[in-house]
Amino acid sequence: QIFTNILRSDTRPKVDSNALIGIPFIYSQSLDPFPIIDRYYERLRDLFRFDDSSDQCCQQRPLSNETVFHYRNYQSELGQEKAYHMGFPEIIPQHTMRHTFSSERPTAVAITTRIINVKSRAIKEALETAGIPTRIVTGQSGVQDFCFLKSAQTELIGNARSTYVLWAGILGDVPKLRLYNVNTAGMRDRHTANFVDRFSYNFTVNSALQRKVVFDLYPELK
């Protein structure tokens, strides 16, 4: 209720520029962001405004022809078995050209990832094998990577369970935000048969979001 009152207000909340944390935080036991985003899209973009001129916020930027892909790399963070059974599936190299980048072949791809290792490099190599120039963005802070995602100009793709890529897409001006899930047994067991509804949403209020956000469901590949 407090949050929705802020969004309805015509006055932006004041932030102490000298404070260590200048970001509003909301504590909730459970929160479905999609209905709030649908109803308050423009107000949210105004409320969570970035200082894009600061190199602490933004360092590198995507090229105008680059599709930006965020590889969350849950398996490396949680362990492969745990990530699978907790319902955090991600694409594997075989998905890249068969599903993720099959509908519209990108001119080039820039990958951001929390963990650069054999798994993230395998995605890069699969795209390069298909003849798509691909780079992994390195040397940035988490905030700078967020700004990189937010600055995508053609298309932004990421896991539907990642609030990081979701909010980067919502706060940025990218014309197409694609959020994917992989239909694994672990995902179905963890979230029951209605997981597709849980991690996707039919925007009914904001027409800009209807055009912008696409939810993809990929089959499990071995």
# chains A, B, ... in the order shown; residues from 1 in each chain; ligands from 1
>>> residues_around(residues="Ser200 in chain A", least_positions_apart="5", cutoff="10 Å", atoms="only C-alpha atoms", output="list in words")
Phe34, Ala160, Arg161, Leu179, Tyr180, Asn181, Phe195, Val213, Val214, Phe215, Asp216 and Leu217 of chain A
>>> write_last_selection(atoms="N, CA and C atoms", output="tab-separated table (two decimals), in the first residue's frame")
chain	number	residue	atom	x	y	z
A	34	PHE	N	4.53	-8.03	-11.95
A	34	PHE	CA	3.95	-7.74	-13.25
A	34	PHE	C	2.69	-6.87	-13.21
A	160	ALA	N	13.52	-15.42	-17.41
A	160	ALA	CA	12.32	-14.81	-16.82
A	160	ALA	C	12.37	-14.78	-15.30
A	161	ARG	N	13.23	-15.59	-14.68
A	161	ARG	CA	13.33	-15.60	-13.24
A	161	ARG	C	14.29	-14.54	-12.73
A	179	LEU	N	11.87	-12.55	-22.37
A	179	LEU	CA	12.14	-13.28	-21.14
A	179	LEU	C	11.79	-14.74	-21.36
A	180	TYR	N	12.76	-15.64	-21.11
A	180	TYR	CA	12.53	-17.04	-21.44
A	180	TYR	C	12.53	-17.93	-20.20
A	181	ASN	N	11.86	-19.06	-20.32
A	181	ASN	CA	11.95	-20.16	-19.38
A	181	ASN	C	12.24	-21.42	-20.16
A	195	PHE	N	3.50	-23.18	-13.69
A	195	PHE	CA	4.67	-22.31	-13.63
A	195	PHE	C	4.72	-21.36	-14.82
A	213	VAL	N	7.23	-6.59	-24.38
A	213	VAL	CA	7.64	-7.77	-23.61
A	213	VAL	C	7.09	-9.04	-24.25
A	214	VAL	N	7.99	-9.99	-24.46
A	214	VAL	CA	7.64	-11.31	-25.01
A	214	VAL	C	8.14	-12.37	-24.05
A	215	PHE	N	7.29	-13.33	-23.72
A	215	PHE	CA	7.68	-14.46	-22.88
A	215	PHE	C	7.84	-15.70	-23.76
A	216	ASP	N	9.02	-16.31	-23.70
A	216	ASP	CA	9.30	-17.50	-24.50
A	216	ASP	C	9.44	-18.72	-23.58
A	217	LEU	N	9.00	-19.86	-24.07
A	217	LEU	CA	9.17	-21.12	-23.35
A	217	LEU	C	9.90	-22.08	-24.28
>>> residues_around(residues="range 81-89 of chain A", least_positions_apart="5", cutoff="6 Å", atoms="only C-alpha atoms", output="VMD selection string")
chain A and resid 75 182 186 to 187 190
>>> residues_around(residues="Glu220 in chain A", least_positions_apart="5", cutoff="10 Å", atoms="only C-alpha atoms", output="PyMOL selection string")
chain A and resi 89-92+95+181-185
>>> closest_residue(among="A:Pro133, A:Gly79, A:Gly139, A:Pro175", to="Glu66 in chain A", atoms="only C-alpha atoms")
A:Pro133
>>> residues_around(residues="Asn65 in chain A", least_positions_apart="2", cutoff="8 Å", atoms="only C-alpha atoms", output="JSON, numbers by chain")
{"A": [63, 67, 107, 108, 153, 154]}
>>> write_last_selection(atoms="N, CA and C atoms", output="CSV table (one decimal), in the first residue's frame")
chain,number,residue,atom,x,y,z
A,63,LEU,N,26.6,-1.6,-28.6
A,63,LEU,CA,26.6,-1.0,-29.9
A,63,LEU,C,25.1,-1.0,-30.4
A,67,THR,N,22.3,-7.3,-30.2
A,67,THR,CA,21.4,-7.8,-29.3
A,67,THR,C,22.1,-8.1,-28.0
A,107,THR,N,22.5,-9.3,-35.7
A,107,THR,CA,23.8,-8.9,-36.4
A,107,THR,C,25.0,-9.2,-35.5
A,108,ALA,N,24.8,-8.9,-34.2
A,108,ALA,CA,25.9,-9.1,-33.2
A,108,ALA,C,25.3,-9.3,-31.9
A,153,GLN,N,19.7,-1.4,-27.4
A,153,GLN,CA,19.0,-0.5,-28.4
A,153,GLN,C,18.1,-1.4,-29.3
A,154,THR,N,18.4,-2.6,-29.5
A,154,THR,CA,17.6,-3.4,-30.4
A,154,THR,C,16.8,-4.5,-29.7
>>> select_by_dssp(residues="range 117-147 of chain A", states="alpha helix (DSSP H)", output="list in words")
Val118, Lys119, Ser120, Arg121, Ala122, Ile123, Lys124, Glu125, Ala126, Leu127, Glu128, Thr129, Gly142, Val143, Gln144, Asp145, Phe146 and Cys147 of chain A
>>> closest_residue(among="A:Glu155, A:Leu209, A:Asp46, A:Gln140", to="Glu104 in chain A", atoms="only C-alpha atoms")
A:Glu155
>>> select_by_dssp(residues="range 40-131 of chain A", states="strand (DSSP E or B)", output="JSON, numbers by chain")
{"A": [66, 67, 68, 69, 70, 71, 108, 109, 110, 111, 112, 113]}
>>> residues_around(residues="Arg72 in chain A", least_positions_apart="3", cutoff="9 Å", atoms="only C-alpha atoms", output="compact mmCIF listing (two decimals) with C-alpha atoms, in the first residue's frame")
# COMPACT_ATOMS: atom_id res chain seq x y z
CA GLN A 75 24.08 -23.38 -12.32
CA GLU A 90 18.87 -21.70 -18.35
CA THR A 112 26.64 -9.96 -19.70
CA THR A 113 26.98 -12.58 -17.00
CA ARG A 114 27.58 -12.69 -13.29
CA ILE A 115 30.09 -15.54 -13.68
CA SER A 120 29.11 -18.68 -20.37
CA GLY A 158 17.28 -12.96 -20.37
CA ASN A 159 15.86 -15.54 -18.00
CA SER A 162 15.94 -12.84 -13.22
CA VAL A 165 17.18 -8.35 -16.47
>>> residues_around(residues="range 98-102 of chain A", least_positions_apart="4", cutoff="8 Å", atoms="only C-alpha atoms", output="ChimeraX atom specification")
/A:94,106,218
>>> residues_around(residues="Val68 in chain A", least_positions_apart="2", cutoff="6 Å", atoms="only C-alpha atoms", output="JSON, numbers by chain")
{"A": [109, 110, 111, 156]}
>>> write_last_selection(atoms="all heavy atoms", output="tab-separated table (two decimals), in the first residue's frame")
chain	number	residue	atom	x	y	z
A	109	VAL	N	26.00	-9.95	-30.95
A	109	VAL	CA	25.47	-10.21	-29.61
A	109	VAL	C	26.50	-9.77	-28.57
A	109	VAL	O	27.70	-10.05	-28.71
A	109	VAL	CB	25.13	-11.70	-29.42
A	109	VAL	CG1	24.72	-11.98	-27.97
A	109	VAL	CG2	24.03	-12.14	-30.37
A	110	ALA	N	26.02	-9.10	-27.53
A	110	ALA	CA	26.84	-8.78	-26.36
A	110	ALA	C	26.26	-9.51	-25.16
A	110	ALA	O	25.05	-9.41	-24.90
A	110	ALA	CB	26.86	-7.28	-26.10
A	111	ILE	N	27.09	-10.25	-24.45
A	111	ILE	CA	26.64	-11.06	-23.32
A	111	ILE	C	27.14	-10.44	-22.01
A	111	ILE	O	28.32	-10.13	-21.87
A	111	ILE	CB	27.18	-12.50	-23.43
A	111	ILE	CG1	26.68	-13.18	-24.71
A	111	ILE	CG2	26.77	-13.32	-22.21
A	111	ILE	CD1	27.31	-14.53	-24.96
A	156	LEU	N	16.72	-7.10	-25.88
A	156	LEU	CA	17.32	-7.58	-24.63
A	156	LEU	C	16.68	-8.92	-24.30
A	156	LEU	O	15.45	-9.05	-24.29
A	156	LEU	CB	17.07	-6.58	-23.50
A	156	LEU	CG	17.52	-6.98	-22.09
A	156	LEU	CD1	19.02	-7.24	-22.04
A	156	LEU	CD2	17.14	-5.90	-21.07
>>> closest_residue(among="A:Leu177, A:Leu171, A:Ile116, A:Leu127", to="Ile157 in chain A", atoms="only C-alpha atoms")
A:Leu177
>>> closest_residue(among="A:Arg188, A:Val118, A:Ala152, A:Gln80", to="Asp173 in chain A", atoms="only C-alpha atoms")
A:Ala152
>>> atom_distance(atom1="CA of Arg61 in chain A", atom2="CA of Gly131 in chain A")
22.4 Å
>>> atom_distance(atom1="CA of Tyr201 in chain A", atom2="CA of Asp52 in chain A")
29.2 Å
